[in-house]
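Before any comments, here is the structure.
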Amino acid sequence: MSLVRSFSKRPLDFALFLYMLQHIPVAMFIDAQGFFPNLYPPSFRSLIEFWVDISGDPYMATWVPMPLKPGWFRAFVLCEMTIQFPYFVFAAHHLWHDTIQSTKTLSLIYGSHVATTVFAILFDYWVNFDTLGKMTGTLGSNGIRSFTSSQVVFFITIYSIYLVFPLLLLARMTIWTDIPISTNKKTK
């Protein structure tokens, strides 16, 4: 049985561990409301309203009825709840026990999937910025909705975190592997 290396010797693993750990409540109590809004009590729905107020997130806005939300976005949230959520728990466990390399295939699937979906969200936000702002931005004194500059910066920053960490996980599984190479040499 090998010893578990300290997180101080594995700073990237520690960062990935914190990412997976924080993603569990975020997925359960915030992101899932993008698909199952009526399953949550008002206190949890207020989290979404707070998030939309500070970020202008057009995909999570509660005043956009579910049938009008993009189908691709609802599919991404459903994938997050059914495929990614169990992976968060699984990966956090393996990062804690210094056995993440044993999850290489699942980690590559997760990292590729999430990087692709978050890129799609950020790209859609960029190309449909004006339309999305008129739908879900802050209501101005002129009666027109638009995103504030702080909402744009906050939205892009937060979503970018969910792009960068899956890319780091991909790098961890492919480039920065630390599978020990056998140093056993046969002696004559």
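Numbering starts fresh at 1 for the residues of each chain in the structure tokens, the chains themselves are lettered A, B, ... in the order given, and ligands are numbered from 1 as they appear.
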
Item to complete: Apply DSSP to the backbone of this structure and, from segment 47-152 of chain A, keep only the residues in strand (DSSP E or B); write these as number ranges by chain.
Response: A: 138-139, 145-146

Item to complete: Can you check which residues of segment 42-175 of chain A DSSP gives as alpha helix (DSSP H) on the backbone and send them as a PyMOL selection string?
Response: chain A and resi 42-55+71-79+85-96+104-127+129-136+149-174

Output file for the residues above (C-alpha atoms, as a compact mmCIF listing (two decimals), in the first residue's frame):
```
# COMPACT_ATOMS: atom_id res chain seq x y z
CA PRO A 42 -38.34 29.86 -2.12
CA SER A 43 -35.21 30.23 0.02
CA PHE A 44 -33.18 28.32 -2.60
CA ARG A 45 -34.86 30.11 -5.48
CA SER A 46 -33.70 33.37 -3.94
CA LEU A 47 -30.11 32.15 -4.53
CA ILE A 48 -30.86 32.16 -8.26
CA GLU A 49 -32.36 35.64 -8.09
CA PHE A 50 -29.26 36.88 -6.25
CA TRP A 51 -26.98 35.18 -8.80
CA VAL A 52 -28.87 36.72 -11.74
CA ASP A 53 -28.84 40.16 -10.08
CA ILE A 54 -25.06 40.17 -9.72
CA SER A 55 -24.19 38.35 -12.96
CA GLY A 71 -32.77 23.44 -25.30
CA TRP A 72 -29.00 23.04 -25.42
CA PHE A 73 -28.70 24.79 -22.05
CA ARG A 74 -31.32 22.57 -20.44
CA ALA A 75 -29.47 19.55 -21.89
CA PHE A 76 -26.20 20.79 -20.37
CA VAL A 77 -27.82 21.15 -16.94
CA LEU A 78 -29.38 17.69 -17.21
CA CYS A 79 -25.94 16.25 -18.06
CA PHE A 85 -22.52 15.43 -10.29
CA PRO A 86 -21.56 11.84 -9.43
CA TYR A 87 -18.13 12.52 -10.95
CA PHE A 88 -17.57 15.48 -8.56
CA VAL A 89 -17.95 13.19 -5.57
CA PHE A 90 -15.90 10.42 -7.20
CA ALA A 91 -13.07 12.75 -8.25
CA ALA A 92 -12.95 14.56 -4.89
CA HIS A 93 -12.59 11.17 -3.19
CA HIS A 94 -9.75 10.11 -5.50
CA LEU A 95 -7.98 13.48 -5.24
CA TRP A 96 -8.14 13.22 -1.44
CA LYS A 104 -7.97 8.89 -16.10
CA THR A 105 -10.68 7.85 -18.58
CA LEU A 106 -13.54 9.38 -16.59
CA SER A 107 -11.50 12.52 -15.92
CA LEU A 108 -10.73 12.94 -19.62
CA ILE A 109 -14.42 12.53 -20.49
CA TYR A 110 -15.49 15.00 -17.79
CA GLY A 111 -12.82 17.58 -18.64
CA SER A 112 -13.52 17.44 -22.38
CA HIS A 113 -17.28 17.57 -21.94
CA VAL A 114 -17.31 20.47 -19.50
CA ALA A 115 -14.72 22.53 -21.36
CA THR A 116 -16.79 22.13 -24.52
CA THR A 117 -20.11 23.02 -22.88
CA VAL A 118 -18.75 26.06 -21.02
CA PHE A 119 -17.07 27.25 -24.21
CA ALA A 120 -20.46 26.94 -25.95
CA ILE A 121 -22.14 29.00 -23.20
CA LEU A 122 -19.48 31.73 -23.33
CA PHE A 123 -19.61 31.79 -27.14
CA ASP A 124 -23.40 32.06 -27.16
CA TYR A 125 -23.19 34.86 -24.59
CA TRP A 126 -20.70 36.70 -26.82
CA VAL A 127 -22.56 36.34 -30.14
CA PHE A 129 -24.95 39.59 -26.14
CA ASP A 130 -27.43 42.31 -27.14
CA THR A 131 -30.40 39.96 -27.46
CA LEU A 132 -29.64 38.26 -24.15
CA GLY A 133 -29.14 41.62 -22.44
CA LYS A 134 -32.56 42.81 -23.61
CA MET A 135 -34.12 39.61 -22.23
CA THR A 136 -32.42 39.32 -18.85
CA SER A 149 -20.31 46.23 -17.09
CA SER A 150 -19.90 44.65 -13.64
CA GLN A 151 -22.43 41.93 -14.54
CA VAL A 152 -20.53 41.14 -17.74
CA VAL A 153 -17.18 40.93 -15.95
CA PHE A 154 -18.65 38.81 -13.16
CA PHE A 155 -20.47 36.44 -15.55
CA ILE A 156 -17.40 35.89 -17.73
CA THR A 157 -15.10 35.49 -14.72
CA ILE A 158 -17.25 32.89 -12.98
CA TYR A 159 -18.00 30.88 -16.12
CA SER A 160 -14.31 31.04 -17.09
CA ILE A 161 -13.40 29.30 -13.84
CA TYR A 162 -15.59 26.41 -14.99
CA LEU A 163 -13.66 26.38 -18.27
CA VAL A 164 -10.15 26.65 -16.82
CA PHE A 165 -10.42 23.92 -14.18
CA PRO A 166 -11.65 21.21 -16.58
CA LEU A 167 -8.78 22.20 -18.91
CA LEU A 168 -6.37 21.91 -15.98
CA LEU A 169 -7.82 18.48 -15.22
CA LEU A 170 -7.22 17.46 -18.84
CA ALA A 171 -3.62 18.66 -18.56
CA ARG A 172 -3.23 16.86 -15.23
CA MET A 173 -4.38 13.60 -16.80
CA THR A 174 -2.31 13.90 -19.98
```

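With only C-alpha atoms as the atoms that count, the minimum distance from Ile83 of chain A to the choices A:Ala27, A:Ile100, A:Ala15, A:Met60 is reached by A:Ala27.
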
Worksheet entry | Separation of atom CA of Thr82 of chain A from atom CA of Gly34 of chain A in Å |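 Going from atom CA of Gly34 of chain A over to atom CA of Thr82 of chain A, I get 13.6 Å.
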